[in-house]
Amino acid sequence: MKGPSRRLFLQLGGLAVLTAACAPGERTDAGAFTLLRRRWREVTLGYPGTFDPEREPYRARLAWLGAEAARHRDAMTPTRRSLWPDLPFPSLDATPARLRAMARAYALPGTGLTAEPGLGTAVAEGIEHYVRHVYAADAEQTGNWWDWQIGTPRALLDAAVLAAPHLTDTQVAALCAAVDTFVPESRLDDYAGNSTGANRVDLCTVTLLRAIAGADPARAALAASALSPVFPYVTEGDGFYRDGSFIQHGSVPYQGGYGAVLLTGLATLFAVLRGTPWEITDPAARTVLDAVDRSFAPFVHDGACMDLVRGRGIDRRPYGDHRRGREIAAAVLLLAETAPDAERARWRAMVKGWAVRDTAKRMLGVAERAAEGSDLAFHARLSAVLGDATVPAAAEPTGHRLFPMSARAVHRRPGWCAAVSMASSRVAHYEYGNGENLRGWHTGSGMLYWWTTGRGDQYSDAFWPTVDPYRLPGTTVSTRRLPDGAGGEWGDTRTPAEWVGGATDGVYAAVGQHLYGLESTLEAFTSWFFLDDAVVCLGAGITCRDGVPVETVVDNRRTGARLTVDTGWAHLDGHGGYVVPAGQPLRTLRENRTAAGVTRAYATLWLDHGVDPDAAGYVYHLMPGAGPAETAARAADPGWARVLANTSAQQGIEVPSRGVTAVNFWTDGRAGGLTASDPCAILVRDLGDGTATVTVADPRRALDGLTVTWDRPVAGLTRGHRLLDHAETGARLTLTFGGLAGHEGASCTVAVRLGASTA
């Protein structure tokens with residue numbers, strides 16, 4: 001006999017929640033669904049309770065929404081082939097979206113059509129017509145599954161819930177029957193395929209709306225309980241990782257796409273279901289609260305979500321990074337309303353800081369001009385935070401965050417921020433799909449993003465359509481021409497590389513990538529050492545047999561600023577400096593590039609390794625925000641950062657003025673005063689007060705044991721680590737770690753008290 005299905009388990013779990021929430025003898029009745037309908041309107045539209053419709057800018061935006069709805073209503077001309085003449089069927093996105101906009105104008109005050117019977121009837125008749133001719137129970141699903149199972153039903157159901165008084169039982173039944181065809185309860189049986197992460201949250205949202213429309217308590221219970229698989233941390237595939245990574249589509253870091261959708265959806269569902277029989281009470285939902293600080297905030301810089309976690313969406317539209325940043329901010333403020341007091345206070349301050357610093361696209365101003373009624377709620381929440389003198393605007397944090405499970409790193413120092421995106425055996429070079437991101441091939445080849453004060457739009461303003469895709473900043477690439485969408489639509493563009501990641505103590509970092517080119521014979525070892533005012537970049541073992549030149553792109557900056565090039569250094573006015581030690585001819589190019597009807601100026605700096613290089617290498621320093629005098633002074637001081645090794649065996653530097661020694665060991669061996677028994681990353685900091693820290697990591701996640709030796713007198717340990725098995729102090733320090741393979745590439749830091757030197 002087969003065991004109970006997951007669907008039955010989830011339904012019973014939801015009913016258990018229902019039973020626990022109701023007093024003995026009570027039952028779920030129309031009152032619970034009246035509450036849900038009201039909550040849906042309050043949470044998604046922000047009224048009542050969030051804004052005053054008589055005040056500006058809400059008054060003007062509501063009037064605009066009403067005028068648009070009136071135009072849509074008056075232009076409706078139902079035929080077998082369309083509902084509006086300009087939107088021929090199937091029109092899976094635009095037609096339902098118009099019906100939803102009309103329903104919002106019906107549900108919101110101040111539109112001139114609030115609760116207007118004619119508009120409500122038009123919404124109901126439009127839904128009925130669309131369900132009969134396109135989204136019918138017997139229709140064939142064609143094209144993208146998402147439209148049929150998420151996008152279209154959510155918009156139709158949203159409209160139906162908002163205009164509920166005007167839908168007949170027959171119209172509701174037909175809509176519910178169609179939704180049940182494409183999103184049956186069994187769709188939530190298994191947490192696999194395209195029913196994971198953000199997609200699962202969307203499917204649960206559709207299921208909840210279906211429950212509200214049809215007053216179906218079993219489906220409401222299912223919608224709530226089927227969220228539970230989203231919450232636990234994962235070790236592979238889609239979901240949240242303990243290091244803060246978020247993956248969707250199996251191998252794509254996606255906080256700025258699916259992750260933002262997931263956060264928005266969960267914040268909405270938490271708020272809508274609060275106080276109802278189906279309130280989310282799963283203790284594992286705490287993961288979502290933690291994700292705000294661990295997974296999302298590190299990738300939001302001055303209000304924009306960094307492109308290295310936006311997947312194929314990077315080239316959809318200009319300033320898409322700022323749009324995603326606003327979505328995350330809106331979700332955080334909504335989530336804060338149901339979060340504990342400590343999180344609520346911290347998040348409101350954080351979002352206020354984002355909004356204040358986002359000078360490229362003023363967050364409040366953009367929300368004010370947005371057409372959708374739901375943006376009024378975000379505008380009101382953000383306006384309240386900005387106007388609250390008791391809420392401080394949190395400053396941009398400083399420090400380093402390394403995400404080994406998604407091959408990403410983010411470094412923040414006063415006045416600048418940098419981030420690097422890599423590819424590995426777990427993480428794709430890039431994602432192409434639905435005709436999007438055709439030439440994002442090399443974004444996982446160590447693209448080094450960086451921003452300084454006032455340059456928050458560096459990668460926003462038509463960067464992706466106009467930049468040379470073979471010369472992305474920071475990358476080492478074969479110039480072999482690639483076809484659009486190389487790797488295939490939704491293709492697996494992961495590499496054989498296991499050693500991708502590094503070590504960080506939260507302030508500095510040693511990050512490395514065993515690089516394999518996309519559809520290329522290129523192989524290299526690249527490292528980035530993130531410091532106070534510089535990123536020291538090393539490359540070694542650069543080998544290729546593609547028959548074309550190989551280049552390391554020191555930078556490709558979207559700017560028309562003056563470029564100064566001198567012996568051993570270069571400088572871009574208002575941006576920063578570059579130190580390129582002797583023996584490496586720096587090539588430069590100033591050009592205007594045109595695409596998609598726009599032209600942008602670029603300054604490109606690169607190192608040419610020639611055709612089919614064999615074990616080539618490079619060293620350069622990036623100095624964000626530095627002036628020409630600072631850059632020239634650093635170039636004149638070659639001992640500031642001494643290269644300890646730069647080979648395919650080890651790459652490392654020593655910075656005496658910072659007490660930093662950092663080495664990426666691609667193999668076991670010795671570099672400077674550090675020795676490692678196996679491949680690993682090591683970062684040592686002499687703190688200048690008689691103490692030091694030693695940080696190690698196993699980026700390959702392969703080591704049962706690791707022994708590290710530092711040739712420095714050490715008197716004793718002051719702080720250990722749970723994976724530290726043994727320590728020997730004295731004339732030198734020897735540390736033996738165990739169980740690193742299960743530590744997911746995370747760093748382990750121990751602290752020591754230094755001894756007197758015998759030298």
# chains A, B, ... in the order shown; residues from 1 in each chain; ligands from 1

$ residues_around --residues "A:Arg326" --least-positions-apart "2" --cutoff "9 Å" --atoms "only C-alpha atoms" --output "PyMOL selection string"
chain A and resi 303-305+321-324+328-331+355+363+367+378

$ select_by_dssp --residues "stretch 515-689 of chain A" --states "alpha helix (DSSP H)" --output "VMD selection string"
chain A and resid 628 to 635

$ atom_distance --atom1 "atom CA of A:Gly617" --atom2 "atom CA of A:Gly539"
4.9 Å

$ atom_distance --atom1 "atom CA of A:Ala211" --atom2 "atom CA of A:Ala164"
13.0 Å

$ closest_atom_pairs --of "stretch 480-582 of chain A" --to "stretch 627-649 of chain A" --cutoff "12 Å" --atoms "only C-alpha atoms" --output "JSON lines"
{"residue": "A:Gly512", "atom": "CA", "partner": "A:Ser648", "partner_atom": "CA", "distance": 11.5}
{"residue": "A:Gln513", "atom": "CA", "partner": "A:Ser648", "partner_atom": "CA", "distance": 11.2}
{"residue": "A:His514", "atom": "CA", "partner": "A:Ser648", "partner_atom": "CA", "distance": 9.2}
{"residue": "A:Leu515", "atom": "CA", "partner": "A:Ser648", "partner_atom": "CA", "distance": 11.1}
{"residue": "A:Glu523", "atom": "CA", "partner": "A:Ser648", "partner_atom": "CA", "distance": 10.2}
{"residue": "A:Ala524", "atom": "CA", "partner": "A:Ser648", "partner_atom": "CA", "distance": 7.7}
{"residue": "A:Phe525", "atom": "CA", "partner": "A:Ser648", "partner_atom": "CA", "distance": 6.1}
{"residue": "A:Thr526", "atom": "CA", "partner": "A:Ser648", "partner_atom": "CA", "distance": 9.1}
{"residue": "A:Ser527", "atom": "CA", "partner": "A:Asn646", "partner_atom": "CA", "distance": 9.3}
{"residue": "A:Trp528", "atom": "CA", "partner": "A:Asn646", "partner_atom": "CA", "distance": 11.8}
{"residue": "A:Phe529", "atom": "CA", "partner": "A:Ala641", "partner_atom": "CA", "distance": 10.2}
{"residue": "A:Phe530", "atom": "CA", "partner": "A:Ala641", "partner_atom": "CA", "distance": 11.8}
{"residue": "A:Leu531", "atom": "CA", "partner": "A:Ala641", "partner_atom": "CA", "distance": 10.4}
{"residue": "A:Asp533", "atom": "CA", "partner": "A:Glu630", "partner_atom": "CA", "distance": 10.4}
{"residue": "A:Ala534", "atom": "CA", "partner": "A:Ala641", "partner_atom": "CA", "distance": 10.2}
{"residue": "A:Val535", "atom": "CA", "partner": "A:Ala641", "partner_atom": "CA", "distance": 10.5}
{"residue": "A:Val536", "atom": "CA", "partner": "A:Ala641", "partner_atom": "CA", "distance": 8.1}
{"residue": "A:Cys537", "atom": "CA", "partner": "A:Asn646", "partner_atom": "CA", "distance": 10.4}
{"residue": "A:Leu538", "atom": "CA", "partner": "A:Asn646", "partner_atom": "CA", "distance": 6.8}
{"residue": "A:Gly539", "atom": "CA", "partner": "A:Asn646", "partner_atom": "CA", "distance": 7.0}
{"residue": "A:Ala540", "atom": "CA", "partner": "A:Thr647", "partner_atom": "CA", "distance": 5.1}
{"residue": "A:Gly541", "atom": "CA", "partner": "A:Ser648", "partner_atom": "CA", "distance": 5.1}
{"residue": "A:Ile542", "atom": "CA", "partner": "A:Ser648", "partner_atom": "CA", "distance": 8.7}
{"residue": "A:Thr543", "atom": "CA", "partner": "A:Ser648", "partner_atom": "CA", "distance": 10.6}
{"residue": "A:Arg562", "atom": "CA", "partner": "A:Pro628", "partner_atom": "CA", "distance": 11.3}
{"residue": "A:Leu563", "atom": "CA", "partner": "A:Pro628", "partner_atom": "CA", "distance": 10.2}
{"residue": "A:Thr564", "atom": "CA", "partner": "A:Pro628", "partner_atom": "CA", "distance": 8.3}
{"residue": "A:Val565", "atom": "CA", "partner": "A:Pro628", "partner_atom": "CA", "distance": 9.9}
{"residue": "A:Asp566", "atom": "CA", "partner": "A:Ala632", "partner_atom": "CA", "distance": 8.4}
{"residue": "A:Thr567", "atom": "CA", "partner": "A:Ala635", "partner_atom": "CA", "distance": 8.6}
{"residue": "A:Gly568", "atom": "CA", "partner": "A:Ala635", "partner_atom": "CA", "distance": 6.0}
{"residue": "A:Trp569", "atom": "CA", "partner": "A:Ala635", "partner_atom": "CA", "distance": 6.2}
{"residue": "A:Ala570", "atom": "CA", "partner": "A:Thr631", "partner_atom": "CA", "distance": 7.6}
{"residue": "A:His571", "atom": "CA", "partner": "A:Pro628", "partner_atom": "CA", "distance": 5.9}
{"residue": "A:Leu572", "atom": "CA", "partner": "A:Pro628", "partner_atom": "CA", "distance": 8.2}
{"residue": "A:Asp573", "atom": "CA", "partner": "A:Gly627", "partner_atom": "CA", "distance": 7.5}
{"residue": "A:Gly574", "atom": "CA", "partner": "A:Gly627", "partner_atom": "CA", "distance": 7.8}
{"residue": "A:His575", "atom": "CA", "partner": "A:Gly627", "partner_atom": "CA", "distance": 8.2}
{"residue": "A:Gly576", "atom": "CA", "partner": "A:Gly627", "partner_atom": "CA", "distance": 6.2}
{"residue": "A:Gly577", "atom": "CA", "partner": "A:Thr631", "partner_atom": "CA", "distance": 5.5}
{"residue": "A:Tyr578", "atom": "CA", "partner": "A:Thr631", "partner_atom": "CA", "distance": 6.8}
{"residue": "A:Val579", "atom": "CA", "partner": "A:Ala635", "partner_atom": "CA", "distance": 5.6}
{"residue": "A:Val580", "atom": "CA", "partner": "A:Ala635", "partner_atom": "CA", "distance": 7.5}
{"residue": "A:Pro581", "atom": "CA", "partner": "A:Ala635", "partner_atom": "CA", "distance": 7.2}
{"residue": "A:Ala582", "atom": "CA", "partner": "A:Ala635", "partner_atom": "CA", "distance": 9.5}

$ decode --residues "stretch 510-547 of chain A" --atoms "N, CA, C and O atoms" --output "short mmCIF file (atom, residue, chain, number, x, y, z; two decimals), in the first residue's frame"
data_model
loop_
_atom_site.label_atom_id
_atom_site.label_comp_id
_atom_site.auth_asym_id
_atom_site.auth_seq_id
_atom_site.Cartn_x
_atom_site.Cartn_y
_atom_site.Cartn_z
N ALA A 510 40.91 37.27 0.68
CA ALA A 510 41.67 36.67 -0.41
C ALA A 510 40.68 35.82 -1.20
O ALA A 510 40.17 34.83 -0.69
N VAL A 511 40.37 36.23 -2.42
CA VAL A 511 39.36 35.57 -3.25
C VAL A 511 40.04 35.05 -4.51
O VAL A 511 40.91 35.72 -5.08
N GLY A 512 39.65 33.86 -4.93
CA GLY A 512 40.29 33.29 -6.11
C GLY A 512 39.34 32.48 -6.96
O GLY A 512 38.31 31.99 -6.50
N GLN A 513 39.71 32.33 -8.24
CA GLN A 513 38.93 31.56 -9.19
C GLN A 513 39.85 30.76 -10.10
O GLN A 513 40.72 31.33 -10.77
N HIS A 514 39.66 29.43 -10.10
CA HIS A 514 40.26 28.61 -11.13
C HIS A 514 39.38 28.80 -12.35
O HIS A 514 38.25 28.29 -12.41
N LEU A 515 39.88 29.54 -13.31
CA LEU A 515 39.06 30.02 -14.42
C LEU A 515 39.14 29.10 -15.63
O LEU A 515 40.22 28.73 -16.08
N TYR A 516 37.96 28.77 -16.14
CA TYR A 516 37.83 28.09 -17.44
C TYR A 516 36.96 28.96 -18.32
O TYR A 516 35.87 29.38 -17.91
N GLY A 517 37.42 29.23 -19.55
CA GLY A 517 36.64 30.06 -20.45
C GLY A 517 35.40 29.36 -20.95
O GLY A 517 35.36 28.12 -21.06
N LEU A 518 34.39 30.13 -21.29
CA LEU A 518 33.16 29.58 -21.85
C LEU A 518 33.38 29.21 -23.31
O LEU A 518 33.80 30.03 -24.12
N GLU A 519 33.11 27.93 -23.64
CA GLU A 519 33.31 27.41 -25.00
C GLU A 519 34.69 27.82 -25.52
O GLU A 519 34.84 28.33 -26.63
N SER A 520 35.69 27.58 -24.69
CA SER A 520 37.06 28.00 -24.99
C SER A 520 38.03 27.04 -24.31
O SER A 520 37.68 26.35 -23.35
N THR A 521 39.27 27.03 -24.81
CA THR A 521 40.32 26.23 -24.17
C THR A 521 41.04 27.02 -23.07
O THR A 521 41.98 26.52 -22.46
N LEU A 522 40.61 28.25 -22.82
CA LEU A 522 41.25 29.11 -21.83
C LEU A 522 41.19 28.49 -20.44
O LEU A 522 40.14 28.02 -19.99
N GLU A 523 42.34 28.52 -19.77
CA GLU A 523 42.41 28.14 -18.36
C GLU A 523 43.36 29.12 -17.67
O GLU A 523 44.38 29.52 -18.25
N ALA A 524 43.01 29.52 -16.45
CA ALA A 524 43.85 30.48 -15.74
C ALA A 524 43.55 30.40 -14.24
O ALA A 524 42.57 29.77 -13.82
N PHE A 525 44.41 31.05 -13.48
CA PHE A 525 44.23 31.18 -12.04
C PHE A 525 44.24 32.66 -11.70
O PHE A 525 45.22 33.35 -11.99
N THR A 526 43.12 33.15 -11.16
CA THR A 526 43.00 34.58 -10.91
C THR A 526 42.65 34.81 -9.44
O THR A 526 41.88 34.07 -8.85
N SER A 527 43.22 35.87 -8.87
CA SER A 527 43.00 36.19 -7.46
C SER A 527 42.77 37.68 -7.28
O SER A 527 43.31 38.51 -8.03
N TRP A 528 41.96 37.99 -6.28
CA TRP A 528 41.70 39.37 -5.89
C TRP A 528 41.92 39.48 -4.38
O TRP A 528 41.31 38.73 -3.60
N PHE A 529 42.77 40.41 -3.98
CA PHE A 529 43.03 40.65 -2.57
C PHE A 529 42.42 42.00 -2.22
O PHE A 529 42.89 43.05 -2.67
N PHE A 530 41.34 41.96 -1.44
CA PHE A 530 40.55 43.14 -1.13
C PHE A 530 41.07 43.80 0.15
O PHE A 530 41.08 43.18 1.22
N LEU A 531 41.47 45.07 0.04
CA LEU A 531 42.13 45.78 1.12
C LEU A 531 41.41 47.09 1.43
O LEU A 531 40.25 47.27 1.04
N ASP A 532 42.08 48.00 2.14
CA ASP A 532 41.44 49.25 2.55
C ASP A 532 41.14 50.19 1.39
O ASP A 532 40.04 50.70 1.27
N ASP A 533 42.15 50.45 0.57
CA ASP A 533 41.98 51.43 -0.50
C ASP A 533 42.29 50.85 -1.87
O ASP A 533 42.45 51.60 -2.84
N ALA A 534 42.39 49.53 -1.95
CA ALA A 534 42.78 48.92 -3.21
C ALA A 534 42.31 47.47 -3.30
O ALA A 534 42.04 46.82 -2.28
N VAL A 535 42.24 47.00 -4.51
CA VAL A 535 42.08 45.59 -4.80
C VAL A 535 43.31 45.18 -5.61
O VAL A 535 43.55 45.73 -6.70
N VAL A 536 44.11 44.27 -5.06
CA VAL A 536 45.30 43.79 -5.76
C VAL A 536 44.90 42.56 -6.57
O VAL A 536 44.40 41.57 -6.01
N CYS A 537 45.08 42.63 -7.88
CA CYS A 537 44.60 41.59 -8.80
C CYS A 537 45.78 40.84 -9.40
O CYS A 537 46.70 41.45 -9.96
N LEU A 538 45.75 39.51 -9.29
CA LEU A 538 46.81 38.66 -9.82
C LEU A 538 46.22 37.63 -10.77
O LEU A 538 45.12 37.11 -10.54
N GLY A 539 46.97 37.34 -11.82
CA GLY A 539 46.62 36.27 -12.74
C GLY A 539 47.84 35.44 -13.06
O GLY A 539 48.95 35.98 -13.16
N ALA A 540 47.65 34.13 -13.20
CA ALA A 540 48.78 33.24 -13.48
C ALA A 540 48.29 32.03 -14.26
O ALA A 540 47.09 31.74 -14.30
N GLY A 541 49.24 31.35 -14.89
CA GLY A 541 48.91 30.12 -15.61
C GLY A 541 47.93 30.33 -16.74
O GLY A 541 47.15 29.41 -17.08
N ILE A 542 47.92 31.53 -17.33
CA ILE A 542 46.95 31.84 -18.39
C ILE A 542 47.37 31.11 -19.66
O ILE A 542 48.38 31.45 -20.29
N THR A 543 46.60 30.11 -20.02
CA THR A 543 46.94 29.24 -21.14
C THR A 543 45.72 29.07 -22.03
O THR A 543 44.60 28.93 -21.54
N CYS A 544 45.94 29.11 -23.34
CA CYS A 544 44.81 29.00 -24.27
C CYS A 544 45.31 28.49 -25.62
O CYS A 544 46.45 28.77 -26.01
N ARG A 545 44.44 27.76 -26.32
CA ARG A 545 44.78 27.24 -27.65
C ARG A 545 43.65 27.53 -28.64
O ARG A 545 43.35 26.73 -29.52
N ASP A 546 43.03 28.70 -28.49
CA ASP A 546 41.92 29.07 -29.38
C ASP A 546 42.39 29.71 -30.67
O ASP A 546 41.58 29.96 -31.58
N GLY A 547 43.69 30.04 -30.75
CA GLY A 547 44.21 30.68 -31.96
C GLY A 547 43.87 32.15 -32.06
O GLY A 547 43.94 32.74 -33.15
#
